[in-house]
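**Q** What follows is target21.txt, made up of compact mmCIF, C-alpha atoms:
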```txt
# COMPACT_ATOMS: atom_id res chain seq x y z
CA MET A 1 95.68 135.49 179.93
CA ARG A 2 92.56 135.86 182.06
CA ILE A 3 90.75 132.50 182.20
CA LEU A 4 87.41 132.13 183.97
CA ILE A 5 86.89 128.50 185.03
CA ASP A 6 83.59 126.99 186.18
CA VAL A 7 84.58 124.93 189.23
CA ARG A 8 81.10 124.05 190.51
CA LEU A 9 81.83 120.37 189.87
CA LEU A 10 84.20 120.49 192.87
CA SER A 11 81.48 121.54 195.31
CA ARG A 12 80.82 118.01 196.59
CA GLY A 13 84.47 117.27 197.31
CA LYS A 14 84.52 114.04 195.28
CA THR A 15 87.65 112.51 193.74
CA SER A 16 86.29 110.91 190.57
CA GLY A 17 88.01 111.29 187.20
CA ILE A 18 86.31 114.52 186.14
CA GLU A 19 87.02 116.25 189.46
CA GLU A 20 90.65 115.11 189.31
CA TYR A 21 90.85 116.43 185.76
CA ALA A 22 89.70 119.88 186.89
CA ARG A 23 92.00 120.03 189.92
CA SER A 24 95.09 118.83 188.06
CA LEU A 25 94.54 121.09 185.07
CA ILE A 26 94.05 124.17 187.28
CA ASP A 27 97.28 123.32 189.14
CA ALA A 28 99.11 123.01 185.82
CA LEU A 29 97.72 126.30 184.49
CA LEU A 30 98.86 128.06 187.67
CA HIS A 31 102.36 126.60 187.44
CA GLU A 32 102.60 127.57 183.79
CA GLY A 33 102.66 131.26 184.76
CA ASN A 34 101.24 134.34 183.01
CA ASN A 35 97.71 133.10 183.67
CA GLU A 36 95.14 134.84 185.85
CA LEU A 37 92.38 132.47 186.91
CA GLY A 38 88.88 133.37 187.98
CA LEU A 39 87.13 130.45 189.69
CA PHE A 40 83.34 130.56 189.48
CA TYR A 41 82.09 128.72 192.58
CA ASN A 42 78.32 128.92 192.98
CA GLY A 43 76.08 127.13 195.48
CA LEU A 44 74.82 127.15 199.05
CA LYS A 45 76.87 124.21 200.35
CA LYS A 46 80.33 123.84 198.90
CA ALA A 47 83.44 121.89 199.82
CA PRO A 48 86.35 124.28 200.41
CA LEU A 49 88.61 124.94 197.44
CA PRO A 50 92.28 123.91 197.85
CA GLU A 51 94.19 126.34 200.04
CA ARG A 52 97.07 126.38 197.56
CA TRP A 53 94.78 128.08 195.04
CA LEU A 54 93.44 130.62 197.51
CA ARG A 55 96.98 131.70 198.41
CA GLU A 56 97.83 132.48 194.79
CA PRO A 57 97.66 136.21 193.96
CA SER A 58 96.72 135.27 190.38
CA VAL A 59 93.50 133.53 191.55
CA THR A 60 90.16 135.29 192.02
CA VAL A 61 87.18 133.35 193.41
CA ILE A 62 83.79 134.47 192.09
CA ASP A 63 81.64 133.15 194.93
CA ARG A 64 77.89 133.16 194.37
CA ARG A 65 75.32 131.74 196.77
CA MET A 66 72.42 130.88 194.50
CA PRO A 67 71.18 127.25 194.68
CA ASN A 68 72.75 125.45 191.72
CA LYS A 69 69.44 123.90 190.68
CA LEU A 70 67.94 127.39 190.39
CA PHE A 71 71.05 128.62 188.57
CA ASP A 72 70.76 125.72 186.10
CA LEU A 73 67.06 126.42 185.54
CA LEU A 74 67.63 130.13 184.88
CA SER A 75 70.53 129.29 182.57
CA ARG A 76 68.14 127.30 180.38
CA LEU A 77 65.78 130.26 179.89
CA PRO A 78 66.12 132.31 176.70
CA ALA A 79 67.53 135.82 176.96
CA GLY A 80 64.84 138.20 178.10
CA GLY A 81 62.92 135.47 179.91
CA GLN A 82 64.46 136.22 183.32
CA SER A 83 62.49 139.33 184.31
CA THR A 84 61.92 138.39 187.97
CA LEU A 85 64.94 136.19 188.76
CA ARG A 86 68.17 136.66 186.87
CA VAL A 87 71.09 134.29 186.62
CA PRO A 88 74.25 135.91 188.09
CA ASP A 89 76.59 137.60 185.63
CA ILE A 90 79.68 135.47 186.17
CA GLU A 91 81.89 137.68 183.94
CA ARG A 92 81.13 141.03 185.58
CA ASP A 93 83.71 140.86 188.38
CA PHE A 94 86.56 139.26 186.43
CA LEU A 95 86.30 140.28 182.73
CA PRO A 96 87.86 137.12 181.28
CA ASP A 97 89.53 136.60 177.92
CA VAL A 98 88.03 133.11 177.76
CA VAL A 99 85.55 131.01 179.77
CA PHE A 100 86.46 127.37 180.38
CA SER A 101 84.14 124.56 181.56
CA PRO A 102 86.02 121.36 182.63
CA HIS A 103 82.66 119.57 182.26
CA PHE A 104 79.44 120.52 180.50
CA ASN A 105 77.78 122.13 183.55
CA ILE A 106 75.26 124.55 182.10
CA LEU A 107 76.07 128.24 181.82
CA PRO A 108 74.15 131.09 180.19
CA ARG A 109 75.67 132.57 177.06
CA THR A 110 79.00 134.25 177.80
CA ARG A 111 80.46 137.34 176.18
CA ALA A 112 83.97 135.88 176.14
CA PRO A 113 84.59 132.80 173.96
CA ARG A 114 83.73 129.57 175.76
CA VAL A 115 85.60 126.25 175.75
CA ILE A 116 84.00 123.06 177.11
CA THR A 117 85.67 119.71 177.82
CA PHE A 118 83.62 116.62 177.02
CA HIS A 119 84.97 113.47 178.66
CA ASP A 120 82.58 110.99 177.08
CA LEU A 121 79.00 110.45 175.93
CA SER A 122 78.46 107.20 177.82
CA PHE A 123 75.09 108.48 179.03
CA LEU A 124 73.86 108.35 175.41
CA HIS A 125 75.36 104.96 174.58
CA ARG A 126 74.46 103.22 177.83
CA PRO A 127 71.81 105.08 179.87
CA ASP A 128 71.38 101.86 181.89
CA PHE A 129 74.74 102.64 183.54
CA PHE A 130 73.20 105.66 185.29
CA ARG A 131 70.62 106.29 188.00
CA ALA A 132 67.44 108.09 186.96
CA ARG A 133 68.54 111.27 188.76
CA HIS A 134 71.84 111.24 186.85
CA ARG A 135 69.99 110.86 183.56
CA LEU A 136 67.80 113.80 184.57
CA TRP A 137 70.91 115.84 185.43
CA HIS A 138 72.36 115.24 181.97
CA TRP A 139 69.12 116.45 180.40
CA LEU A 140 68.98 119.55 182.64
CA GLN A 141 72.50 120.52 181.60
CA ASP A 142 71.27 120.96 178.02
CA TYR A 143 74.50 119.35 176.80
CA ARG A 144 73.58 119.34 173.11
CA ARG A 145 72.80 123.07 172.91
CA GLN A 146 75.88 123.88 174.98
CA ALA A 147 78.05 121.85 172.63
CA LEU A 148 76.59 123.56 169.57
CA ARG A 149 77.06 127.03 171.09
CA ALA A 150 80.60 126.52 172.39
CA ASP A 151 83.38 128.29 170.52
CA ARG A 152 85.58 125.22 170.94
CA ILE A 153 85.10 121.76 172.40
CA VAL A 154 87.96 119.78 173.91
CA ALA A 155 87.61 115.98 173.71
CA VAL A 156 89.88 113.89 175.94
CA SER A 157 90.28 111.24 173.22
CA GLU A 158 89.79 110.74 169.50
CA PHE A 159 87.04 108.29 170.43
CA THR A 160 85.11 111.00 172.27
CA LYS A 161 85.65 113.41 169.38
CA SER A 162 84.10 110.93 166.95
CA ASP A 163 81.11 110.59 169.29
CA LEU A 164 80.66 114.38 169.43
CA VAL A 165 80.71 114.57 165.64
CA ASP A 166 78.50 111.53 165.02
CA LEU A 167 75.98 111.81 167.87
CA LEU A 168 75.73 115.56 168.46
CA GLY A 169 76.51 116.81 164.97
CA ILE A 170 79.42 119.02 166.03
CA PRO A 171 81.66 120.08 163.10
CA ALA A 172 84.94 118.21 163.41
CA GLU A 173 87.00 121.40 163.04
CA ARG A 174 85.44 122.78 166.25
CA VAL A 175 86.61 119.81 168.33
CA SER A 176 90.21 119.64 169.55
CA VAL A 177 91.60 116.45 171.08
CA VAL A 178 93.71 117.00 174.19
CA HIS A 179 94.44 113.80 176.08
CA SER A 180 94.21 114.04 179.86
CA GLY A 181 97.22 113.74 182.15
CA VAL A 182 98.59 111.70 185.03
CA ASN A 183 99.36 113.39 188.32
CA ASP A 184 103.02 113.40 189.42
CA LEU A 185 101.88 111.56 192.56
CA PHE A 186 101.81 108.45 190.37
CA CYS A 187 105.39 107.40 189.71
CA ARG A 188 107.94 104.74 190.60
CA GLN A 189 107.51 104.04 194.33
CA ASP A 190 110.12 103.43 197.03
CA GLU A 191 110.27 99.67 197.64
CA ALA A 192 110.62 100.01 201.41
CA LYS A 193 107.47 102.18 201.59
CA VAL A 194 105.57 99.68 199.44
CA ALA A 195 106.67 96.82 201.73
CA GLU A 196 105.57 98.79 204.81
CA PHE A 197 102.23 99.54 203.17
CA ARG A 198 101.70 95.85 202.41
CA ARG A 199 102.38 94.96 206.04
CA ASN A 200 100.11 97.65 207.43
CA ARG A 201 97.22 96.77 205.11
CA ASP A 202 97.62 92.97 205.38
CA LEU A 203 98.55 92.54 201.71
CA LYS A 204 100.98 89.70 202.24
CA ARG A 205 100.06 87.66 199.17
CA PRO A 206 100.30 88.50 195.45
CA PHE A 207 97.07 90.09 194.23
CA LEU A 208 95.18 91.35 191.22
CA LEU A 209 93.91 94.89 191.69
CA TYR A 210 90.96 96.90 190.48
CA LEU A 211 90.69 100.51 191.71
CA GLY A 212 87.66 102.64 190.89
CA THR A 213 83.96 102.81 191.60
CA ILE A 214 82.36 99.42 192.30
CA GLU A 215 79.69 99.48 189.57
CA PRO A 216 78.53 97.36 186.59
CA ARG A 217 80.03 99.75 184.00
CA LYS A 218 83.51 98.64 185.10
CA ASN A 219 82.70 94.98 184.27
CA LEU A 220 83.71 93.67 187.69
CA ARG A 221 81.66 90.50 187.39
CA ALA A 222 83.96 89.52 184.51
CA VAL A 223 86.98 90.36 186.67
CA ILE A 224 85.73 87.99 189.38
CA ARG A 225 85.02 85.25 186.85
CA ALA A 226 88.46 85.65 185.28
CA PHE A 227 89.95 85.42 188.77
CA ASN A 228 88.04 82.19 189.32
CA LEU A 229 89.63 80.72 186.16
CA LEU A 230 93.12 81.80 187.24
CA LYS A 231 92.74 80.27 190.70
CA ARG A 232 92.16 76.88 189.10
CA GLU A 233 95.48 77.11 187.24
CA GLU A 234 98.67 75.65 188.68
CA GLY A 235 100.74 78.21 190.55
CA PHE A 236 97.92 80.64 191.40
CA ALA A 237 96.50 79.08 194.56
CA GLY A 238 97.86 81.93 196.70
CA LEU A 239 96.55 84.73 194.48
CA GLU A 240 94.09 87.28 195.87
CA LEU A 241 91.72 89.73 194.18
CA VAL A 242 91.46 93.23 195.66
CA LEU A 243 88.54 95.41 194.54
CA ALA A 244 89.20 98.92 195.86
CA GLY A 245 87.02 102.01 195.67
CA PRO A 246 83.64 103.36 196.73
CA ARG A 247 80.44 101.43 196.11
CA GLY A 248 78.45 102.78 193.17
CA TRP A 249 75.06 102.14 191.66
CA LEU A 250 73.96 98.47 191.47
CA TYR A 251 77.07 97.32 193.33
CA GLY A 252 74.94 94.57 194.90
CA GLU A 253 75.22 92.31 191.85
CA ILE A 254 79.03 92.51 192.11
CA LEU A 255 78.92 91.59 195.81
CA GLU A 256 76.66 88.67 194.91
CA GLU A 257 79.08 87.51 192.21
CA ALA A 258 81.90 87.53 194.77
CA GLN A 259 79.82 85.64 197.33
CA ASN A 260 79.00 82.96 194.76
CA SER A 261 82.67 82.45 193.90
CA ALA A 262 84.32 79.25 195.08
CA PHE A 263 87.25 81.53 196.02
CA ARG A 264 85.24 84.17 197.86
CA ASP A 265 87.63 84.03 200.83
CA ASP A 266 90.37 85.33 198.52
CA ILE A 267 88.32 88.30 197.25
CA ARG A 268 88.67 91.51 199.27
CA PHE A 269 86.55 94.63 198.99
CA PHE A 270 89.09 97.23 200.06
CA GLY A 271 86.80 100.25 200.32
CA GLN A 272 87.74 103.87 199.63
CA VAL A 273 91.47 104.55 199.25
CA ARG A 274 93.07 107.82 200.37
CA ASN A 275 94.90 109.75 197.66
CA GLU A 276 98.29 109.31 199.29
CA GLU A 277 97.77 105.52 199.44
CA ARG A 278 96.75 105.02 195.83
CA PRO A 279 100.29 104.96 194.35
CA LEU A 280 101.40 102.47 197.02
CA LEU A 281 98.41 100.23 196.34
CA TYR A 282 99.11 100.27 192.60
CA ALA A 283 102.80 99.49 193.18
CA ALA A 284 101.99 96.64 195.59
CA ALA A 285 99.74 94.85 193.08
CA SER A 286 100.99 92.07 190.83
CA LEU A 287 98.63 93.18 188.06
CA PHE A 288 95.99 95.85 187.46
CA VAL A 289 92.79 94.72 185.69
CA TYR A 290 90.39 97.17 184.06
CA PRO A 291 88.14 95.54 181.42
CA SER A 292 85.67 98.45 181.48
CA PHE A 293 82.79 98.53 179.02
CA PHE A 294 83.07 102.27 178.37
CA GLU A 295 85.76 104.89 179.01
CA GLY A 296 86.29 108.35 177.62
CA PHE A 297 89.95 108.20 178.66
CA GLY A 298 90.87 105.78 181.47
CA PHE A 299 92.81 107.26 184.40
CA PRO A 300 93.30 104.25 186.75
CA PRO A 301 95.22 101.91 184.38
CA LEU A 302 97.45 104.80 183.31
CA GLU A 303 98.14 105.62 186.97
CA ALA A 304 99.01 101.95 187.54
CA GLN A 305 101.47 102.02 184.64
CA ALA A 306 103.09 105.16 186.05
CA CYS A 307 103.65 103.25 189.33
CA GLY A 308 105.27 100.29 187.56
CA THR A 309 102.38 97.81 187.50
CA PRO A 310 101.44 95.90 184.32
CA VAL A 311 97.83 96.30 183.20
CA VAL A 312 95.07 94.43 181.40
CA VAL A 313 92.48 96.74 179.87
CA SER A 314 89.44 96.48 177.64
CA ASN A 315 89.87 96.70 173.87
CA ARG A 316 86.81 98.97 173.62
CA THR A 317 86.07 102.72 173.35
CA SER A 318 89.07 104.98 174.12
CA LEU A 319 91.30 102.41 175.86
CA PRO A 320 93.12 101.06 172.75
CA GLU A 321 93.90 104.65 171.78
CA VAL A 322 95.54 105.38 175.14
CA PHE A 323 97.24 102.03 175.75
CA SER A 324 98.14 100.44 172.40
CA PRO A 325 100.48 102.97 170.70
CA LEU A 326 103.41 101.25 172.47
CA PRO A 327 103.08 97.51 171.68
CA GLY A 328 103.70 95.39 174.76
CA GLY A 329 102.85 98.18 177.19
CA ALA A 330 99.40 96.83 178.06
CA SER A 331 97.38 93.71 177.34
CA LEU A 332 94.04 94.41 175.67
CA ALA A 333 91.16 91.98 176.06
CA ASP A 334 87.55 91.73 174.89
CA PRO A 335 85.46 92.73 177.95
CA TRP A 336 82.76 90.24 176.91
CA ARG A 337 85.18 87.27 176.88
CA VAL A 338 86.15 86.21 180.40
CA GLU A 339 88.61 83.62 179.08
CA GLU A 340 90.45 86.34 177.14
CA ILE A 341 90.79 88.49 180.27
CA ALA A 342 92.07 85.49 182.24
CA ASP A 343 94.55 84.54 179.50
CA ALA A 344 95.95 88.08 179.35
CA ALA A 345 96.39 88.12 183.12
CA HIS A 346 97.93 84.63 183.10
CA SER A 347 100.55 85.69 180.56
CA LEU A 348 101.66 88.75 182.51
CA LEU A 349 101.73 86.86 185.82
CA SER A 350 103.61 83.79 184.61
CA ASP A 351 106.00 85.10 181.93
CA PRO A 352 108.76 87.24 183.54
CA ALA A 353 109.98 88.57 180.18
CA ALA A 354 106.50 89.70 179.12
CA ARG A 355 105.92 91.21 182.55
CA ASN A 356 109.18 93.18 182.56
CA GLU A 357 108.50 94.44 179.04
CA ALA A 358 105.00 95.54 180.06
CA ILE A 359 106.39 97.42 183.05
CA ARG A 360 109.06 99.17 180.97
CA LYS A 361 106.64 100.14 178.21
CA GLY A 362 104.08 101.15 180.82
CA PHE A 363 106.47 103.73 182.27
CA GLU A 364 107.09 105.07 178.75
CA ASN A 365 103.39 105.23 177.99
CA ALA A 366 102.51 107.08 181.20
CA GLU A 367 105.15 109.73 180.49
CA ARG A 368 103.25 110.74 177.36
CA PHE A 369 100.40 111.97 179.58
CA ARG A 370 101.60 114.62 182.01
CA TRP A 371 99.69 117.73 183.04
CA PRO A 372 102.20 120.41 181.93
CA ARG A 373 101.70 119.17 178.36
CA VAL A 374 97.92 119.33 178.80
CA ALA A 375 98.10 122.88 180.17
CA GLY A 376 100.26 123.99 177.26
CA GLU A 377 97.85 122.55 174.69
CA MET A 378 94.86 124.09 176.44
CA ARG A 379 96.50 127.51 176.60
CA LYS A 380 97.23 127.29 172.87
CA ILE A 381 93.50 126.67 172.25
CA PHE A 382 92.54 129.58 174.50
CA SER A 383 95.02 131.85 172.71
CA GLU A 384 93.61 130.97 169.30
CA LEU A 385 90.13 132.03 170.42
CA VAL A 386 91.30 135.25 172.07
```
Taking this structure as input, can you express it in the form of structure tokens?
**A**
Amino acid sequence: MRILIDVRLLSRGKTSGIEEYARSLIDALLHEGNNELGLFYNGLKKAPLPERWLREPSVTVIDRRMPNKLFDLLSRLPAGGQSTLRVPDIERDFLPDVVFSPHFNILPRTRAPRVITFHDLSFLHRPDFFRARHRLWHWLQDYRRQALRADRIVAVSEFTKSDLVDLLGIPAERVSVVHSGVNDLFCRQDEAKVAEFRRNRDLKRPFLLYLGTIEPRKNLRAVIRAFNLLKREEGFAGLELVLAGPRGWLYGEILEEAQNSAFRDDIRFFGQVRNEERPLLYAAASLFVYPSFFEGFGFPPLEAQACGTPVVVSNRTSLPEVFSPLPGGASLADPWRVEEIADAAHSLLSDPAARNEAIRKGFENAERFRWPRVAGEMRKIFSELV
């Protein structure tokens, strides 16, 4: 099957959830075999695509050098309204059976059937989570019209599907749910390597871990407050809190919360973590905490489970769907109730039986979400349209 994939979202070289989704799914589609991939990569300044893709004889890169803002603007114009400047014909040099967008980056109408993945509609529920320029970007992508025109929409959770139906008016039969996957990098780690990592990174004490962007959406002020409650409990005097990841929008209020903590000397902002270190950091943690206000899927807690670390997650949006089918695999807490987050963490830290059960069920849960399964389900959707 000839699949044309819009990979412009990789141009900045970021490693957030949506970029990881695109990279991992493309890898899985290549390993599946019998797929020819055309990668549409437009823009003036672009991070290099992975060398492993460029070496594949089944991969064709459609490289255009039009500024993406101009491309987006021309894509919004009605047919026939592009007399002077025309948006590049992305299908001309590859002739795909299907066009796939891993995110709703705007494209003009395509001749081949088009499939778009929607990860969430958080920008409609909580616009206050986004900078003004990000809100403008969402508007410029004309997401509603794209969704209505798409031949099929893939939602990464049942929760996101219900949002697409309720908020955008998409017929339910045109939305397929395909849960995202966990990279094979995240698995049971060698204990000696974990011990060496702890020594090298000065992680000598037990610690709670958060890994992701440092931003209000992730509810990190509640994490710090729950940590404060735990530190006052008997047996937790030596506990640390590690907040790892890049600083996002409005991170200042989280830094202020940490500075105001009576236990601020035990709170570490770990900064950006290299991909190869992430599994070791997960495995080194005593507990992973992720009481996010809004998630379309939730990669980090699933990655933590795959590395053998028990998790506490929010009981909101898509997280119960991903983490509660196996009772005991994760502790769910109300993100608005700090005491509930602290109690869930206390139980997993102090009860060896509950902790071991959470680790065992966590491994089982993570195995449900692997990329070969995702690639197979996506190819089935593509085949139905072709």
**Q** Using all atoms of region 85-102 of chain A listed in the file and a margin of 8 Å per side, can you give the axis-aligned box centre and edge lengths in Å to one decimal, as lines of an AutoDock Vina configuration file?
**A**
```
center_x = 77.2
center_y = 131.2
center_z = 183.3
size_x = 40.6
size_y = 35.7
size_z = 27.0
```
**Q** Which residues of region 290-351 of chain A have any atom within 8 Å of an atom in region 147-157 of chain A when counting all atoms listed in the file, and what is the closest pair of atoms for each, with the distance in Å to one decimal? Order the rows by chain and rising number and write it as a tab-separated table.
**A**
```
residue	atom	partner	partner_atom	distance
A:Gly296	CA	A:Ser157	CA	6.6
A:Phe297	CA	A:Ser157	CA	6.2
A:Ser318	CA	A:Ser157	CA	6.4
A:Glu321	CA	A:Ser157	CA	7.7
```
**Q** Output as JSON lines one row per residue of region 118-218 of chain A within 9 Å of region 246-258 of chain A: the closest atom pair and its distance in Å to one decimal place, counting only C-alpha atoms, sorted by chain and residue number ascending.
**A**
```
{"residue": "A:Phe129", "atom": "CA", "partner": "A:Trp249", "partner_atom": "CA", "distance": 8.1}
{"residue": "A:Phe130", "atom": "CA", "partner": "A:Trp249", "partner_atom": "CA", "distance": 7.5}
{"residue": "A:Arg131", "atom": "CA", "partner": "A:Trp249", "partner_atom": "CA", "distance": 7.1}
{"residue": "A:Gly212", "atom": "CA", "partner": "A:Pro246", "partner_atom": "CA", "distance": 7.1}
{"residue": "A:Thr213", "atom": "CA", "partner": "A:Pro246", "partner_atom": "CA", "distance": 5.2}
{"residue": "A:Ile214", "atom": "CA", "partner": "A:Arg247", "partner_atom": "CA", "distance": 4.7}
{"residue": "A:Glu215", "atom": "CA", "partner": "A:Gly248", "partner_atom": "CA", "distance": 5.0}
{"residue": "A:Pro216", "atom": "CA", "partner": "A:Leu250", "partner_atom": "CA", "distance": 6.8}
```
**Q** Tell me which protein, DNA and RNA residues are within 10 Å of Leu349 (chain A), counting all atoms listed in the file, leaving out same-chain ones fewer than 4 positions away, and put them as a PyMOL selection string.
**A** chain A and resi 206+208+235-236+286-287+310+343-345+354-355
**Q** Using all atoms listed in the file, which of the listed residues (A:Arg360, A:Arg188, A:Arg225, A:Arg232) sits closest to Glu303 (chain A)?
**A**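 That would be A:Arg188, the residue with the smallest distance to Glu303 (chain A).
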**Q** Skip region 361-374 of chain A itself and residues of its chain fewer than 3 positions away, then list as number ranges by chain all residues within 6 Å of it, counting only C-alpha atoms.
**A** A: 28, 181-182, 302, 305-306, 329, 358, 377
**Q** When you look at Tyr143 (chain A) with a cut-off of 12 Å (counting only C-alpha atoms), what residues show up, excluding the ones that are within fewer than 2 positions of it in the same chain? I need them as a VMD selection string.
**A** chain A and resid 72 76 101 103 to 107 116 to 118 120 to 121 123 to 124 135 to 141 145 to 150 153 164 167 to 168 170
**Q** Of the candidates A:Cys307, A:Ala284, A:Ala244, A:Val289, which one gets nearest to Lys204 (chain A) if we count only C-alpha atoms?
**A**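 Ranking A:Cys307, A:Ala284, A:Ala244, A:Val289 by distance to Lys204 (chain A), first place goes to A:Ala284.
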**Q** Within 12 Å of (89.4, 86.5, 177.7), only C-alpha atoms: residues as a compact mmCIF listing (two decimals) with C-alpha atoms, keeping the file's coordinate frame?
**A**
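After the write, part.txt holds the following:
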```txt
# COMPACT_ATOMS: atom_id res chain seq x y z
CA ALA A 222 83.96 89.52 184.51
CA VAL A 223 86.98 90.36 186.67
CA ARG A 225 85.02 85.25 186.85
CA ALA A 226 88.46 85.65 185.28
CA PHE A 227 89.95 85.42 188.77
CA LEU A 229 89.63 80.72 186.16
CA LEU A 230 93.12 81.80 187.24
CA VAL A 289 92.79 94.72 185.69
CA PRO A 291 88.14 95.54 181.42
CA VAL A 312 95.07 94.43 181.40
CA VAL A 313 92.48 96.74 179.87
CA SER A 314 89.44 96.48 177.64
CA ASN A 315 89.87 96.70 173.87
CA SER A 331 97.38 93.71 177.34
CA LEU A 332 94.04 94.41 175.67
CA ALA A 333 91.16 91.98 176.06
CA ASP A 334 87.55 91.73 174.89
CA PRO A 335 85.46 92.73 177.95
CA TRP A 336 82.76 90.24 176.91
CA ARG A 337 85.18 87.27 176.88
CA VAL A 338 86.15 86.21 180.40
CA GLU A 339 88.61 83.62 179.08
CA GLU A 340 90.45 86.34 177.14
CA ILE A 341 90.79 88.49 180.27
CA ALA A 342 92.07 85.49 182.24
CA ASP A 343 94.55 84.54 179.50
CA ALA A 344 95.95 88.08 179.35
CA ALA A 345 96.39 88.12 183.12
CA HIS A 346 97.93 84.63 183.10
CA SER A 347 100.55 85.69 180.56
```
**Q** Using only C-alpha atoms, pick whichever of A:Asp93, A:Leu30, A:Leu4, A:Ala285 has the shortest atom-to-atom distance to Ala112 (chain A).
**A**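 When distances to Ala112 (chain A) are compared using only C-alpha atoms, the smallest one comes from A:Leu4.
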**Q** If we count only C-alpha atoms and set the cut-off at 12 Å, which residues sit around Arg274 (chain A), ignoring sequence neighbours fewer than 5 positions away in its own chain? Please answer as a JSON list (two decimals) with C-alpha atoms, in the frame of the given file.
**A**
```
[["chain", "number", "residue", "atom", "x", "y", "z"],
["A", 14, "LYS", "CA", 84.52, 114.04, 195.28],
["A", 15, "THR", "CA", 87.65, 112.51, 193.74],
["A", 211, "LEU", "CA", 90.69, 100.51, 191.71],
["A", 244, "ALA", "CA", 89.20, 98.92, 195.86],
["A", 245, "GLY", "CA", 87.02, 102.01, 195.67],
["A", 246, "PRO", "CA", 83.64, 103.36, 196.73],
["A", 279, "PRO", "CA", 100.29, 104.96, 194.35],
["A", 280, "LEU", "CA", 101.40, 102.47, 197.02],
["A", 281, "LEU", "CA", 98.41, 100.23, 196.34]]
```
**Q** Any idea what the distance is between CA of Ala304 (chain A) and CA of Ser122 (chain A)?
**A**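 Between CA of Ala304 (chain A) and CA of Ser122 (chain A) the gap is 23.3 Å.
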**Q** Between A:Pro102, A:Pro127, A:Pro171, A:Gly43, which is the closest to Phe71 (chain A) once you count only C-alpha atoms?
**A**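 Checking each of A:Pro102, A:Pro127, A:Pro171, A:Gly43 against Phe71 (chain A), counting only C-alpha atoms, the winner is A:Gly43.
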**Q** Quick check, in Å to one decimal: how far apart do CA of Val194 (chain A) and CA of Asn219 (chain A) lie?
**A**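 These atoms are spaced 27.8 Å apart.
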**Q** How many Å lie between CA of Arg2 (chain A) and CA of Phe94 (chain A), rounded to one decimal?
**A**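 A separation of 8.2 Å between them.
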**Q** Measuring between all atoms listed in the file, which one of A:Glu295, A:Glu234, A:Glu357, A:Glu384 shows the shortest distance to Gly17 (chain A)?
**A**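 Closest to Gly17 (chain A), using all atoms listed in the file: A:Glu295.
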**Q** Taking all atoms listed in the file into account, which of A:Thr317, A:Gln259, A:Thr309, A:Ser180 comes nearest Gly376 (chain A)?
**A**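 Residue with the minimum atom-to-atom distance to Gly376 (chain A): A:Ser180.
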**Q** Emit region 321-339 of chain A of the structure in the block as a file comprising C-alpha atoms, as a PDB file, in the first residue's frame.
**A**
```pdb
ATOM      1  CA  GLU A 321      -9.838   4.321  30.082  1.00  0.00           C
ATOM      2  CA  VAL A 322      -6.126   3.558  29.652  1.00  0.00           C
ATOM      3  CA  PHE A 323      -5.248   2.634  33.236  1.00  0.00           C
ATOM      4  CA  SER A 324      -8.307   1.124  34.943  1.00  0.00           C
ATOM      5  CA  PRO A 325      -9.203  -1.957  32.825  1.00  0.00           C
ATOM      6  CA  LEU A 326      -6.797  -3.989  35.010  1.00  0.00           C
ATOM      7  CA  PRO A 327      -7.827  -3.302  38.644  1.00  0.00           C
ATOM      8  CA  GLY A 328      -4.803  -2.723  40.842  1.00  0.00           C
ATOM      9  CA  GLY A 329      -2.557  -1.690  37.961  1.00  0.00           C
ATOM     10  CA  ALA A 330      -2.703   2.030  38.733  1.00  0.00           C
ATOM     11  CA  SER A 331      -4.087   4.243  41.479  1.00  0.00           C
ATOM     12  CA  LEU A 332      -6.555   6.849  40.231  1.00  0.00           C
ATOM     13  CA  ALA A 333      -7.063  10.079  42.156  1.00  0.00           C
ATOM     14  CA  ASP A 334      -9.166  13.227  41.802  1.00  0.00           C
ATOM     15  CA  PRO A 335      -6.729  15.881  40.482  1.00  0.00           C
ATOM     16  CA  TRP A 336      -8.579  18.554  42.486  1.00  0.00           C
ATOM     17  CA  ARG A 337      -8.103  16.721  45.815  1.00  0.00           C
ATOM     18  CA  VAL A 338      -4.507  16.918  47.037  1.00  0.00           C
ATOM     19  CA  GLU A 339      -5.255  14.628  49.988  1.00  0.00           C
TER      20      GLU A 339
END
```
